[in-house]
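> Supplied structure: protein19.pdb, PDB, C-alpha atoms.
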ATOM      1  CA  MET A 364     112.978 101.136 103.721
ATOM      2  CA  ASP A 365     113.597  99.680 107.155
ATOM      3  CA  GLU A 366     114.568  95.985 107.321
ATOM      4  CA  THR A 367     111.674  95.368 109.725
ATOM      5  CA  VAL A 368     109.209  96.708 107.162
ATOM      6  CA  SER A 369     110.535  94.518 104.331
ATOM      7  CA  GLN A 370     110.420  91.415 106.565
ATOM      8  CA  MET A 371     106.886  92.326 107.593
ATOM      9  CA  ARG A 372     105.848  92.702 103.945
ATOM     10  CA  GLN A 373     107.243  89.226 103.128
ATOM     11  CA  LYS A 374     105.446  87.651 106.096
ATOM     12  CA  MET A 375     102.175  89.351 105.133
ATOM     13  CA  GLN A 376     102.451  88.200 101.529
ATOM     14  CA  LYS A 377     103.083  84.642 102.724
ATOM     15  CA  ALA A 378     100.038  84.875 105.024
ATOM     16  CA  LEU A 379      98.012  86.132 102.047
ATOM     17  CA  MET A 380      99.139  83.162  99.902
ATOM     18  CA  ILE A 381      98.195  80.729 102.678
ATOM     19  CA  LEU A 382      94.790  82.405 102.967
ATOM     20  CA  GLN A 383      94.236  82.141  99.192
ATOM     21  CA  GLU A 384      95.001  78.401  99.321
ATOM     22  CA  ASP A 385      92.691  77.988 102.302
ATOM     23  CA  ILE A 386      89.834  79.895 100.631
ATOM     24  CA  SER A 387      90.238  77.887  97.404
ATOM     25  CA  THR A 388      89.373  74.706  99.327
ATOM     26  CA  VAL A 389      85.879  76.014 100.127
ATOM     27  CA  ARG A 390      83.565  74.178  97.768
ATOM     28  CA  THR A 391      81.507  76.243  95.347
ATOM     29  CA  GLY A 392      79.386  73.558  93.687
ATOM     30  CA  ARG A 393      81.618  73.627  90.592
ATOM     31  CA  ALA A 394      84.312  71.078  89.876
ATOM     32  CA  MET A 395      87.676  72.702  90.539
ATOM     33  CA  PRO A 396      90.973  70.840  91.068
ATOM     34  CA  SER A 397      91.748  73.041  94.102
ATOM     35  CA  LEU A 398      88.965  71.227  95.994
ATOM     36  CA  ILE A 399      91.085  68.098  96.350
ATOM     37  CA  GLU A 400      94.645  68.825  95.192
ATOM     38  CA  ASN A 401      95.962  69.335  98.753
ATOM     39  CA  VAL A 402      94.204  66.325 100.301
ATOM     40  CA  VAL A 403      96.909  64.144 101.865
ATOM     41  CA  VAL A 404      96.680  60.437 101.040
ATOM     42  CA  SER A 405      98.547  57.545 102.600
ATOM     43  CA  VAL A 406      99.903  55.431  99.714
ATOM     44  CA  TYR A 407     102.078  52.372  99.125
ATOM     45  CA  ALA A 408     100.666  50.517 102.153
ATOM     46  CA  GLY A 409     101.080  53.581 104.358
ATOM     47  CA  ALA A 410     104.778  54.029 103.521
ATOM     48  CA  GLN A 411     104.249  57.586 102.185
ATOM     49  CA  ARG A 412     101.833  60.458 102.751
ATOM     50  CA  LEU A 413     101.499  62.635  99.652
ATOM     51  CA  ARG A 414      99.072  65.247  98.372
ATOM     52  CA  ILE A 415      96.788  64.237  95.520
ATOM     53  CA  LYS A 416      98.407  66.748  93.144
ATOM     54  CA  GLU A 417     101.669  64.792  93.635
ATOM     55  CA  LEU A 418      99.940  61.494  92.827
ATOM     56  CA  ALA A 419      97.645  62.251  89.899
ATOM     57  CA  THR A 420      96.644  64.741  87.258
ATOM     58  CA  ILE A 421      93.409  66.472  88.218
ATOM     59  CA  SER A 422      91.063  67.966  85.650
ATOM     60  CA  ALA A 423      87.438  69.037  85.406
ATOM     61  CA  SER A 424      85.733  67.196  82.570
ATOM     62  CA  ASP A 425      82.603  69.321  83.040
ATOM     63  CA  PRO A 426      81.344  71.799  85.679
ATOM     64  CA  GLN A 427      80.128  68.935  87.904
ATOM     65  CA  THR A 428      82.871  66.279  87.486
ATOM     66  CA  LEU A 429      86.517  66.024  88.523
ATOM     67  CA  VAL A 430      88.702  63.400  86.857
ATOM     68  CA  LEU A 431      91.882  62.048  88.445
ATOM     69  CA  GLN A 432      94.426  60.095  86.432
ATOM     70  CA  PRO A 433      96.933  58.549  88.909
ATOM     71  CA  TYR A 434     100.541  58.477  87.734
ATOM     72  CA  ASP A 435     100.750  54.960  89.187
ATOM     73  CA  GLY A 436      97.601  52.948  88.463
ATOM     74  CA  SER A 437      98.217  50.635  91.423
ATOM     75  CA  ILE A 438      97.421  53.400  93.940
ATOM     76  CA  ALA A 439      94.005  54.394  92.529
ATOM     77  CA  GLY A 440      92.221  52.558  95.350
ATOM     78  CA  GLU A 441      94.370  54.247  97.995
ATOM     79  CA  ILE A 442      93.648  57.686  96.493
ATOM     80  CA  GLN A 443      89.938  56.886  96.517
ATOM     81  CA  LYS A 444      90.125  55.807 100.159
ATOM     82  CA  GLY A 445      92.094  58.949 101.078
ATOM     83  CA  ILE A 446      89.438  61.208  99.542
ATOM     84  CA  MET A 447      86.725  59.409 101.496
ATOM     85  CA  GLU A 448      88.735  59.685 104.745
ATOM     86  CA  ALA A 449      89.371  63.414 104.158
ATOM     87  CA  ASN A 450      85.672  63.919 104.940
ATOM     88  CA  ILE A 451      85.174  66.748 102.426
ATOM     89  CA  GLY A 452      81.746  65.587 101.292
ATOM     90  CA  LEU A 453      82.889  64.074  97.993
ATOM     91  CA  THR A 454      82.476  60.464  96.901
ATOM     92  CA  PRO A 455      84.952  59.177  94.307
ATOM     93  CA  SER A 456      84.180  56.316  91.923
ATOM     94  CA  SER A 457      86.761  54.401  89.948
ATOM     95  CA  ASP A 458      86.646  52.621  86.606
ATOM     96  CA  GLY A 459      90.093  51.065  86.501
ATOM     97  CA  ASN A 460      92.830  53.667  86.528
ATOM     98  CA  ILE A 461      90.593  56.741  86.317
ATOM     99  CA  ILE A 462      88.848  58.186  89.370
ATOM    100  CA  ARG A 463      85.787  60.339  88.862
ATOM    101  CA  ILE A 464      84.274  62.608  91.489
ATOM    102  CA  SER A 465      80.796  63.967  90.884
ATOM    103  CA  ILE A 466      80.263  67.308  92.598
ATOM    104  CA  PRO A 467      76.702  67.454  93.925
ATOM    105  CA  PRO A 468      74.859  70.764  93.655
ATOM    106  CA  LEU A 469      74.780  72.815  96.849
ATOM    107  CA  SER A 470      71.550  73.431  98.740
ATOM    108  CA  GLN A 471      70.782  76.997  99.816
ATOM    109  CA  GLU A 472      71.364  75.963 103.430
ATOM    110  CA  ARG A 473      74.783  74.512 102.575
ATOM    111  CA  ARG A 474      75.705  77.656 100.627
ATOM    112  CA  VAL A 475      74.988  79.771 103.723
ATOM    113  CA  GLU A 476      77.131  77.407 105.852
ATOM    114  CA  LEU A 477      79.995  77.625 103.342
ATOM    115  CA  ILE A 478      79.798  81.433 103.248
ATOM    116  CA  LYS A 479      80.004  81.446 107.043
ATOM    117  CA  LEU A 480      83.048  79.111 106.888
ATOM    118  CA  MET A 481      84.679  81.277 104.205
ATOM    119  CA  LYS A 482      84.130  84.438 106.270
ATOM    120  CA  GLN A 483      85.697  82.735 109.285
ATOM    121  CA  LYS A 484      88.751  81.802 107.204
ATOM    122  CA  LEU A 485      88.992  85.390 105.930
ATOM    123  CA  GLU A 486      88.815  86.745 109.469
ATOM    124  CA  ASN A 487      91.564  84.329 110.566
ATOM    125  CA  GLY A 488      93.690  85.644 107.686
ATOM    126  CA  ARG A 489      93.025  89.241 108.726
ATOM    127  CA  ILE A 490      93.979  88.399 112.313
ATOM    128  CA  ALA A 491      97.246  86.827 111.122
ATOM    129  CA  ILE A 492      98.079  89.919 109.055
ATOM    130  CA  ARG A 493      97.241  92.259 111.947
ATOM    131  CA  GLN A 494      99.436  90.164 114.249
ATOM    132  CA  ILE A 495     102.354  90.509 111.818
ATOM    133  CA  ARG A 496     101.728  94.284 111.777
ATOM    134  CA  GLN A 497     101.731  94.398 115.581
ATOM    135  CA  ASP A 498     104.986  92.408 115.763
ATOM    136  CA  ALA A 499     106.637  94.858 113.342
ATOM    137  CA  ARG A 500     105.376  97.843 115.348
ATOM    138  CA  ASN A 501     106.758  96.320 118.544
ATOM    139  CA  ILE A 502     110.187  95.885 116.920
ATOM    140  CA  VAL A 503     110.155  99.521 115.758
ATOM    141  CA  ARG A 504     109.145 100.760 119.232
ATOM    142  CA  LYS A 505     111.901  98.654 120.776
ATOM    143  CA  LYS A 506     114.433 100.237 118.378
ATOM    144  CA  HIS A 507     113.154 103.672 119.430
ATOM    145  CA  ASN A 508     113.406 102.781 123.128
ATOM    146  CA  ASN A 509     116.986 101.575 122.571
ATOM    147  CA  LYS A 510     117.752 104.933 120.899
ATOM    148  CA  GLU A 511     118.545 103.213 117.558
ATOM    149  CA  ILE A 512     116.008 105.427 115.733
ATOM    150  CA  SER A 513     114.489 108.834 116.455
ATOM    151  CA  GLU A 514     110.836 109.397 117.335
ATOM    152  CA  GLU A 515     110.294 110.972 113.915
ATOM    153  CA  GLN A 516     111.738 107.875 112.196
ATOM    154  CA  MET A 517     109.558 105.649 114.384
ATOM    155  CA  TYR A 518     106.399 107.502 113.279
ATOM    156  CA  GLY A 519     107.498 107.407 109.636
ATOM    157  CA  ILE A 520     108.124 103.650 109.773
ATOM    158  CA  ASP A 521     104.822 103.152 111.620
ATOM    159  CA  GLN A 522     102.982 104.977 108.813
ATOM    160  CA  GLU A 523     104.762 102.787 106.232
ATOM    161  CA  ILE A 524     103.745  99.672 108.180
ATOM    162  CA  GLN A 525     100.091 100.774 108.168
ATOM    163  CA  LYS A 526     100.205 101.626 104.448
ATOM    164  CA  ILE A 527     101.541  98.156 103.580
ATOM    165  CA  THR A 528      98.977  96.503 105.859
ATOM    166  CA  ASP A 529      96.160  98.379 104.092
ATOM    167  CA  GLN A 530      97.542  97.274 100.680
ATOM    168  CA  ILE A 531      97.659  93.627 101.812
ATOM    169  CA  MET A 532      94.100  93.797 103.226
ATOM    170  CA  LEU A 533      92.594  94.893  99.866
ATOM    171  CA  PRO A 534      93.026  91.471  98.175
ATOM    172  CA  VAL A 535      91.615  89.772 101.302
ATOM    173  CA  ASP A 536      88.348  91.693 100.949
ATOM    174  CA  GLU A 537      88.295  91.087  97.180
ATOM    175  CA  MET A 538      88.803  87.329  97.712
ATOM    176  CA  GLY A 539      85.822  87.309 100.037
ATOM    177  CA  ARG A 540      83.570  89.116  97.564
ATOM    178  CA  LYS A 541      84.551  86.814  94.672
ATOM    179  CA  LYS A 542      84.139  83.633  96.694
ATOM    180  CA  GLU A 543      80.764  84.720  98.056
ATOM    181  CA  ALA A 544      79.576  85.495  94.502
ATOM    182  CA  GLU A 545      80.770  82.019  93.378
ATOM    183  CA  LEU A 546      78.983  80.365  96.294
ATOM    184  CA  MET A 547      75.706  82.145  95.582
ATOM    185  CA  GLN A 548      75.732  81.221  91.868
ATOM    186  CA  ILE A 549      73.331  78.409  91.078
TER
END
Would you write the structure of this file as C-alpha coordinates?

Amino acid sequence: MDETVSQMRQKMQKALMILQEDISTVRTGRAMPSLIENVVVSVYAGAQRLRIKELATISASDPQTLVLQPYDGSIAGEIQKGIMEANIGLTPSSDGNIIRISIPPLSQERRVELIKLMKQKLENGRIAIRQIRQDARNIVRKKHNNKEISEEQMYGIDQEIQKITDQIMLPVDEMGRKKEAELMQI
(Lines of atoms letter the chains of each structure in order from A and count residues from 1; the text may use other names and numbers.)
(Lines give C-alpha, C1' and ligand atoms only; values in the text may rest on other atoms or scores of the structure.)
Protein backbone atom coordinates (compact mmCIF):
# COMPACT_ATOMS: atom_id res chain seq x y z
CA MET A 1 0.00 0.00 0.00
CA ASP A 2 1.22 3.48 -0.84
CA GLU A 3 2.63 5.56 2.05
CA THR A 4 0.16 8.34 1.20
CA VAL A 5 -2.75 5.94 1.66
CA SER A 6 -1.56 4.70 5.06
CA GLN A 7 -1.02 8.29 6.28
CA MET A 8 -4.48 9.20 5.01
CA ARG A 9 -6.01 6.24 6.86
CA GLN A 10 -4.34 7.33 10.13
CA LYS A 11 -5.54 10.92 9.71
CA MET A 12 -9.08 9.74 8.96
CA GLN A 13 -9.14 7.46 11.99
CA LYS A 14 -7.95 10.35 14.16
CA ALA A 15 -10.68 12.58 12.69
CA LEU A 16 -13.20 9.83 13.45
CA MET A 17 -12.02 9.62 17.09
CA ILE A 18 -12.31 13.40 17.46
CA LEU A 19 -15.82 13.25 16.00
CA GLN A 20 -16.82 10.48 18.43
CA GLU A 21 -15.62 12.59 21.38
CA ASP A 22 -17.46 15.61 20.02
CA ILE A 23 -20.71 13.67 19.51
CA SER A 24 -20.49 12.17 23.01
CA THR A 25 -20.73 15.68 24.49
CA VAL A 26 -24.22 16.17 23.03
CA ARG A 27 -26.59 15.73 25.94
CA THR A 28 -29.16 12.96 25.72
CA GLY A 29 -31.15 13.54 28.91
CA ARG A 30 -29.36 10.63 30.62
CA ALA A 31 -26.50 11.05 33.05
CA MET A 32 -23.29 10.08 31.28
CA PRO A 33 -19.76 11.00 32.41
CA SER A 34 -18.87 12.04 28.84
CA LEU A 35 -21.15 15.07 29.26
CA ILE A 36 -18.65 16.78 31.55
CA GLU A 37 -15.38 14.82 31.57
CA ASN A 38 -13.69 17.16 29.05
CA VAL A 39 -14.87 20.43 30.62
CA VAL A 40 -11.75 22.46 31.42
CA VAL A 41 -11.65 23.96 34.92
CA SER A 42 -9.27 26.55 36.32
CA VAL A 43 -8.06 25.21 39.69
CA TYR A 44 -5.64 26.12 42.47
CA ALA A 45 -6.42 29.85 42.24
CA GLY A 46 -6.09 29.79 38.46
CA ALA A 47 -2.61 28.23 38.51
CA GLN A 48 -3.71 25.21 36.41
CA ARG A 49 -6.36 24.44 33.80
CA LEU A 50 -7.34 20.76 33.85
CA ARG A 51 -10.20 18.66 32.53
CA ILE A 52 -12.69 17.35 35.06
CA LYS A 53 -11.70 13.72 34.37
CA GLU A 54 -8.19 14.68 35.61
CA LEU A 55 -9.61 16.21 38.79
CA ALA A 56 -12.34 13.83 39.93
CA THR A 57 -13.95 10.46 39.48
CA ILE A 58 -17.22 10.79 37.58
CA SER A 59 -20.03 8.29 37.91
CA ALA A 60 -23.76 8.10 37.26
CA SER A 61 -25.59 7.18 40.44
CA ASP A 62 -28.86 6.88 38.50
CA PRO A 63 -30.05 7.79 34.98
CA GLN A 64 -30.63 11.42 36.03
CA THR A 65 -27.67 12.13 38.37
CA LEU A 66 -23.92 12.48 37.90
CA VAL A 67 -21.67 12.27 40.96
CA LEU A 68 -18.18 13.77 41.06
CA GLN A 69 -15.70 12.84 43.77
CA PRO A 70 -12.74 15.28 43.53
CA TYR A 71 -9.32 13.76 44.20
CA ASP A 72 -8.52 16.90 46.20
CA GLY A 73 -11.48 18.01 48.32
CA SER A 74 -10.22 21.60 48.46
CA ILE A 75 -11.01 22.18 44.76
CA ALA A 76 -14.67 21.06 44.85
CA GLY A 77 -15.85 24.68 44.72
CA GLU A 78 -13.59 25.47 41.77
CA ILE A 79 -14.90 22.42 39.87
CA GLN A 80 -18.45 23.53 40.58
CA LYS A 81 -17.68 27.04 39.32
CA GLY A 82 -15.99 25.64 36.20
CA ILE A 83 -19.06 23.57 35.31
CA MET A 84 -21.27 26.63 35.69
CA GLU A 85 -18.91 28.73 33.52
CA ALA A 86 -18.79 26.02 30.83
CA ASN A 87 -22.39 26.99 30.04
CA ILE A 88 -23.54 23.44 29.22
CA GLY A 89 -26.92 23.79 30.89
CA LEU A 90 -26.04 21.82 34.02
CA THR A 91 -26.17 23.08 37.60
CA PRO A 92 -23.92 21.31 40.11
CA SER A 93 -24.65 21.17 43.84
CA SER A 94 -22.14 20.24 46.49
CA ASP A 95 -22.47 18.60 49.89
CA GLY A 96 -18.91 18.81 51.15
CA ASN A 97 -16.51 16.87 48.96
CA ILE A 98 -19.10 15.33 46.64
CA ILE A 99 -20.60 17.25 43.72
CA ARG A 100 -23.93 16.14 42.33
CA ILE A 101 -25.34 17.20 38.98
CA SER A 102 -29.01 16.54 38.30
CA ILE A 103 -29.70 16.09 34.60
CA PRO A 104 -33.05 17.68 33.78
CA PRO A 105 -35.29 15.89 31.29
CA LEU A 106 -35.20 17.29 27.76
CA SER A 107 -38.21 19.01 26.22
CA GLN A 108 -39.24 17.96 22.71
CA GLU A 109 -38.08 21.35 21.43
CA ARG A 110 -34.66 20.91 23.04
CA ARG A 111 -34.37 17.39 21.61
CA VAL A 112 -34.92 18.78 18.10
CA GLU A 113 -32.26 21.47 18.73
CA LEU A 114 -29.79 18.84 19.96
CA ILE A 115 -30.44 16.62 16.93
CA LYS A 116 -29.75 19.62 14.70
CA LEU A 117 -26.50 20.31 16.62
CA MET A 118 -25.49 16.63 16.40
CA LYS A 119 -26.14 16.57 12.64
CA GLN A 120 -24.01 19.70 12.23
CA LYS A 121 -21.16 18.04 14.14
CA LEU A 122 -21.50 14.92 11.97
CA GLU A 123 -21.38 17.01 8.80
CA ASN A 124 -18.25 18.80 10.07
CA GLY A 125 -16.68 15.37 10.64
CA ARG A 126 -17.62 14.26 7.13
CA ILE A 127 -16.12 17.45 5.70
CA ALA A 128 -12.87 16.84 7.60
CA ILE A 129 -12.68 13.27 6.29
CA ARG A 130 -13.41 14.39 2.71
CA GLN A 131 -10.71 17.05 3.03
CA ILE A 132 -8.18 14.41 4.11
CA ARG A 133 -9.25 12.32 1.08
CA GLN A 134 -8.77 15.30 -1.23
CA ASP A 135 -5.31 16.03 0.21
CA ALA A 136 -4.28 12.40 -0.40
CA ARG A 137 -5.61 12.51 -3.97
CA ASN A 138 -3.66 15.71 -4.62
CA ILE A 139 -0.44 14.07 -3.39
CA VAL A 140 -1.05 11.06 -5.66
CA ARG A 141 -1.74 13.31 -8.68
CA LYS A 142 1.42 15.28 -7.93
CA LYS A 143 3.42 12.01 -7.86
CA HIS A 144 1.89 11.11 -11.24
CA ASN A 145 2.72 14.54 -12.68
CA ASN A 146 6.31 14.17 -11.45
CA LYS A 147 6.46 10.77 -13.21
CA GLU A 148 7.02 8.94 -9.88
CA ILE A 149 4.02 6.65 -10.56
CA SER A 150 2.22 5.54 -13.71
CA GLU A 151 -1.33 6.55 -14.61
CA GLU A 152 -2.48 3.00 -13.88
CA GLN A 153 -0.92 3.15 -10.39
CA MET A 154 -2.53 6.55 -9.82
CA TYR A 155 -6.00 5.15 -10.62
CA GLY A 156 -5.37 2.09 -8.43
CA ILE A 157 -4.30 4.25 -5.48
CA ASP A 158 -7.25 6.58 -6.09
CA GLN A 159 -9.64 3.60 -5.89
CA GLU A 160 -7.96 2.48 -2.64
CA ILE A 161 -8.35 6.00 -1.23
CA GLN A 162 -12.08 5.99 -2.04
CA LYS A 163 -12.54 2.50 -0.57
CA ILE A 164 -10.93 3.56 2.73
CA THR A 165 -12.97 6.78 2.79
CA ASP A 166 -16.19 4.77 2.36
CA GLN A 167 -15.14 2.43 5.22
CA ILE A 168 -14.46 5.41 7.52
CA MET A 169 -17.80 7.06 6.62
CA LEU A 170 -19.84 4.00 7.73
CA PRO A 171 -19.23 4.53 11.48
CA VAL A 172 -20.02 8.25 11.06
CA ASP A 173 -23.51 7.43 9.77
CA GLU A 174 -23.98 4.76 12.47
CA MET A 175 -22.97 7.25 15.20
CA GLY A 176 -25.60 9.64 13.92
CA ARG A 177 -28.35 7.01 13.94
CA LYS A 178 -27.49 5.85 17.48
CA LYS A 179 -27.26 9.36 18.88
CA GLU A 180 -30.54 10.41 17.28
CA ALA A 181 -32.25 7.32 18.75
CA GLU A 182 -30.82 8.21 22.20
CA LEU A 183 -32.01 11.80 21.87
CA MET A 184 -35.54 10.77 20.91
CA GLN A 185 -35.88 8.32 23.83
CA ILE A 186 -38.02 9.71 26.62
> A:Asn450, A:Ser387, A:Asn487, A:Gln522: which is nearest Lys542 in chain A, counting only C-alpha atoms?
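Going through A:Asn450, A:Ser387, A:Asn487, A:Gln522 one by one, the smallest distance to Lys542 in chain A is for A:Ser387.
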> Between A:Lys479, A:Lys416, A:Lys374, A:Lys510, which residue has the minimum interatomic distance to Pro433 in chain A, considering all atoms listed in the file?
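Selected residue with least distance to Pro433 in chain A: A:Lys416.
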> Show me, as number ranges by chain, the residues that have an atom within 12 Å of Val475 in chain A when counting all atoms listed in the file, minus same-chain residues fewer than 6 positions from it.
A: 390-391, 469, 481-482, 543-544, 546-548
> Run the PyMOL selection byres ((chain A and resi 445) around 8) on the file and write out the hits as a list in words.
Val402, Val403, Val404, Ser405, Glu441, Ile442, Gln443, Lys444, Ile446, Met447, Glu448 and Ala449 of chain A
> Please indicate the distance in Å from CA of Met395 in chain A to CA of Ser465 in chain A, rounded to one decimal place.
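Straight-line distance from CA of Met395 in chain A to CA of Ser465 in chain A works out to 11.1 Å.
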> When you look at Leu431 in chain A with a cut-off of 7 Å (counting all atoms listed in the file), what residues show up, excluding the ones that are within fewer than 5 positions of it in the same chain? I need them as a ChimeraX atom specification.
/A:419-422,461-463
> Save out the residues we just selected, C-alpha atoms, as a CSV table (one decimal), in the coordinates of the input.

chain,number,residue,atom,x,y,z
A,419,ALA,CA,97.6,62.3,89.9
A,420,THR,CA,96.6,64.7,87.3
A,421,ILE,CA,93.4,66.5,88.2
A,422,SER,CA,91.1,68.0,85.6
A,461,ILE,CA,90.6,56.7,86.3
A,462,ILE,CA,88.8,58.2,89.4
A,463,ARG,CA,85.8,60.3,88.9
> Select, from A:Lys377, A:Arg414, A:Arg473, A:Lys506, the residue with the minimum atom-to-atom distance to Gly488 in chain A, counting all atoms listed in the file.
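Among the listed residues, A:Lys377 lies closest to Gly488 in chain A.
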> Limit the output to N, CA and C atoms and give range 445-476 of chain A as a PDB file, in the first residue's frame.

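Just written: selection.pdb:
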ATOM      1  N   GLY A 445     -16.383  25.932  37.572  1.00  0.00           N
ATOM      2  CA  GLY A 445     -15.986  25.637  36.195  1.00  0.00           C
ATOM      3  C   GLY A 445     -17.120  25.039  35.382  1.00  0.00           C
ATOM      4  N   ILE A 446     -17.922  24.175  36.011  1.00  0.00           N
ATOM      5  CA  ILE A 446     -19.062  23.569  35.313  1.00  0.00           C
ATOM      6  C   ILE A 446     -20.099  24.641  34.984  1.00  0.00           C
ATOM      7  N   MET A 447     -20.325  25.541  35.928  1.00  0.00           N
ATOM      8  CA  MET A 447     -21.273  26.634  35.686  1.00  0.00           C
ATOM      9  C   MET A 447     -20.779  27.528  34.546  1.00  0.00           C
ATOM     10  N   GLU A 448     -19.478  27.847  34.544  1.00  0.00           N
ATOM     11  CA  GLU A 448     -18.909  28.733  33.524  1.00  0.00           C
ATOM     12  C   GLU A 448     -18.850  28.067  32.153  1.00  0.00           C
ATOM     13  N   ALA A 449     -18.852  26.731  32.106  1.00  0.00           N
ATOM     14  CA  ALA A 449     -18.794  26.018  30.828  1.00  0.00           C
ATOM     15  C   ALA A 449     -20.085  26.211  30.022  1.00  0.00           C
ATOM     16  N   ASN A 450     -21.131  26.670  30.699  1.00  0.00           N
ATOM     17  CA  ASN A 450     -22.395  26.993  30.035  1.00  0.00           C
ATOM     18  C   ASN A 450     -22.946  25.809  29.235  1.00  0.00           C
ATOM     19  N   ILE A 451     -23.026  24.645  29.888  1.00  0.00           N
ATOM     20  CA  ILE A 451     -23.538  23.444  29.218  1.00  0.00           C
ATOM     21  C   ILE A 451     -24.936  23.075  29.716  1.00  0.00           C
ATOM     22  N   GLY A 452     -25.550  24.001  30.454  1.00  0.00           N
ATOM     23  CA  GLY A 452     -26.924  23.790  30.891  1.00  0.00           C
ATOM     24  C   GLY A 452     -27.074  22.876  32.090  1.00  0.00           C
ATOM     25  N   LEU A 453     -25.994  22.682  32.843  1.00  0.00           N
ATOM     26  CA  LEU A 453     -26.045  21.815  34.023  1.00  0.00           C
ATOM     27  C   LEU A 453     -25.691  22.629  35.257  1.00  0.00           C
ATOM     28  N   THR A 454     -26.415  22.358  36.360  1.00  0.00           N
ATOM     29  CA  THR A 454     -26.172  23.078  37.598  1.00  0.00           C
ATOM     30  C   THR A 454     -25.708  22.105  38.677  1.00  0.00           C
ATOM     31  N   PRO A 455     -24.428  22.213  39.068  1.00  0.00           N
ATOM     32  CA  PRO A 455     -23.915  21.310  40.108  1.00  0.00           C
ATOM     33  C   PRO A 455     -24.297  21.785  41.507  1.00  0.00           C
ATOM     34  N   SER A 456     -24.444  20.834  42.427  1.00  0.00           N
ATOM     35  CA  SER A 456     -24.648  21.170  43.838  1.00  0.00           C
ATOM     36  C   SER A 456     -23.655  20.335  44.639  1.00  0.00           C
ATOM     37  N   SER A 457     -23.181  20.913  45.726  1.00  0.00           N
ATOM     38  CA  SER A 457     -22.136  20.239  46.493  1.00  0.00           C
ATOM     39  C   SER A 457     -22.600  20.019  47.919  1.00  0.00           C
ATOM     40  N   ASP A 458     -22.254  18.848  48.460  1.00  0.00           N
ATOM     41  CA  ASP A 458     -22.471  18.599  49.892  1.00  0.00           C
ATOM     42  C   ASP A 458     -21.131  18.143  50.466  1.00  0.00           C
ATOM     43  N   GLY A 459     -20.248  19.118  50.649  1.00  0.00           N
ATOM     44  CA  GLY A 459     -18.908  18.813  51.147  1.00  0.00           C
ATOM     45  C   GLY A 459     -17.979  18.496  50.004  1.00  0.00           C
ATOM     46  N   ASN A 460     -17.472  17.266  49.989  1.00  0.00           N
ATOM     47  CA  ASN A 460     -16.513  16.873  48.965  1.00  0.00           C
ATOM     48  C   ASN A 460     -17.148  16.252  47.728  1.00  0.00           C
ATOM     49  N   ILE A 461     -18.434  15.978  47.772  1.00  0.00           N
ATOM     50  CA  ILE A 461     -19.101  15.329  46.639  1.00  0.00           C
ATOM     51  C   ILE A 461     -19.947  16.358  45.896  1.00  0.00           C
ATOM     52  N   ILE A 462     -19.812  16.340  44.562  1.00  0.00           N
ATOM     53  CA  ILE A 462     -20.596  17.249  43.717  1.00  0.00           C
ATOM     54  C   ILE A 462     -21.612  16.413  42.970  1.00  0.00           C
ATOM     55  N   ARG A 463     -22.856  16.830  43.033  1.00  0.00           N
ATOM     56  CA  ARG A 463     -23.927  16.136  42.328  1.00  0.00           C
ATOM     57  C   ARG A 463     -24.474  17.052  41.235  1.00  0.00           C
ATOM     58  N   ILE A 464     -24.756  16.447  40.083  1.00  0.00           N
ATOM     59  CA  ILE A 464     -25.345  17.203  38.983  1.00  0.00           C
ATOM     60  C   ILE A 464     -26.600  16.461  38.553  1.00  0.00           C
ATOM     61  N   SER A 465     -27.739  17.125  38.714  1.00  0.00           N
ATOM     62  CA  SER A 465     -29.007  16.539  38.303  1.00  0.00           C
ATOM     63  C   SER A 465     -29.227  16.902  36.841  1.00  0.00           C
ATOM     64  N   ILE A 466     -29.493  15.890  36.030  1.00  0.00           N
ATOM     65  CA  ILE A 466     -29.701  16.092  34.601  1.00  0.00           C
ATOM     66  C   ILE A 466     -31.199  16.266  34.370  1.00  0.00           C
ATOM     67  N   PRO A 467     -31.622  17.480  33.996  1.00  0.00           N
ATOM     68  CA  PRO A 467     -33.055  17.685  33.779  1.00  0.00           C
ATOM     69  C   PRO A 467     -33.519  16.976  32.507  1.00  0.00           C
ATOM     70  N   PRO A 468     -34.778  16.536  32.495  1.00  0.00           N
ATOM     71  CA  PRO A 468     -35.290  15.890  31.288  1.00  0.00           C
ATOM     72  C   PRO A 468     -35.349  16.902  30.139  1.00  0.00           C
ATOM     73  N   LEU A 469     -35.198  16.412  28.928  1.00  0.00           N
ATOM     74  CA  LEU A 469     -35.198  17.290  27.760  1.00  0.00           C
ATOM     75  C   LEU A 469     -36.618  17.498  27.239  1.00  0.00           C
ATOM     76  N   SER A 470     -36.926  18.733  26.866  1.00  0.00           N
ATOM     77  CA  SER A 470     -38.208  19.010  26.220  1.00  0.00           C
ATOM     78  C   SER A 470     -38.103  18.556  24.767  1.00  0.00           C
ATOM     79  N   GLN A 471     -39.246  18.383  24.116  1.00  0.00           N
ATOM     80  CA  GLN A 471     -39.242  17.962  22.714  1.00  0.00           C
ATOM     81  C   GLN A 471     -38.525  19.003  21.856  1.00  0.00           C
ATOM     82  N   GLU A 472     -38.735  20.268  22.178  1.00  0.00           N
ATOM     83  CA  GLU A 472     -38.085  21.351  21.430  1.00  0.00           C
ATOM     84  C   GLU A 472     -36.565  21.271  21.570  1.00  0.00           C
ATOM     85  N   ARG A 473     -36.098  21.010  22.786  1.00  0.00           N
ATOM     86  CA  ARG A 473     -34.658  20.907  23.038  1.00  0.00           C
ATOM     87  C   ARG A 473     -34.071  19.678  22.336  1.00  0.00           C
ATOM     88  N   ARG A 474     -34.824  18.587  22.300  1.00  0.00           N
ATOM     89  CA  ARG A 474     -34.366  17.387  21.607  1.00  0.00           C
ATOM     90  C   ARG A 474     -34.118  17.688  20.127  1.00  0.00           C
ATOM     91  N   VAL A 475     -35.049  18.420  19.508  1.00  0.00           N
ATOM     92  CA  VAL A 475     -34.922  18.781  18.096  1.00  0.00           C
ATOM     93  C   VAL A 475     -33.681  19.657  17.892  1.00  0.00           C
ATOM     94  N   GLU A 476     -33.460  20.617  18.811  1.00  0.00           N
ATOM     95  CA  GLU A 476     -32.263  21.471  18.729  1.00  0.00           C
ATOM     96  C   GLU A 476     -30.987  20.630  18.836  1.00  0.00           C
TER      97      GLU A 476
END
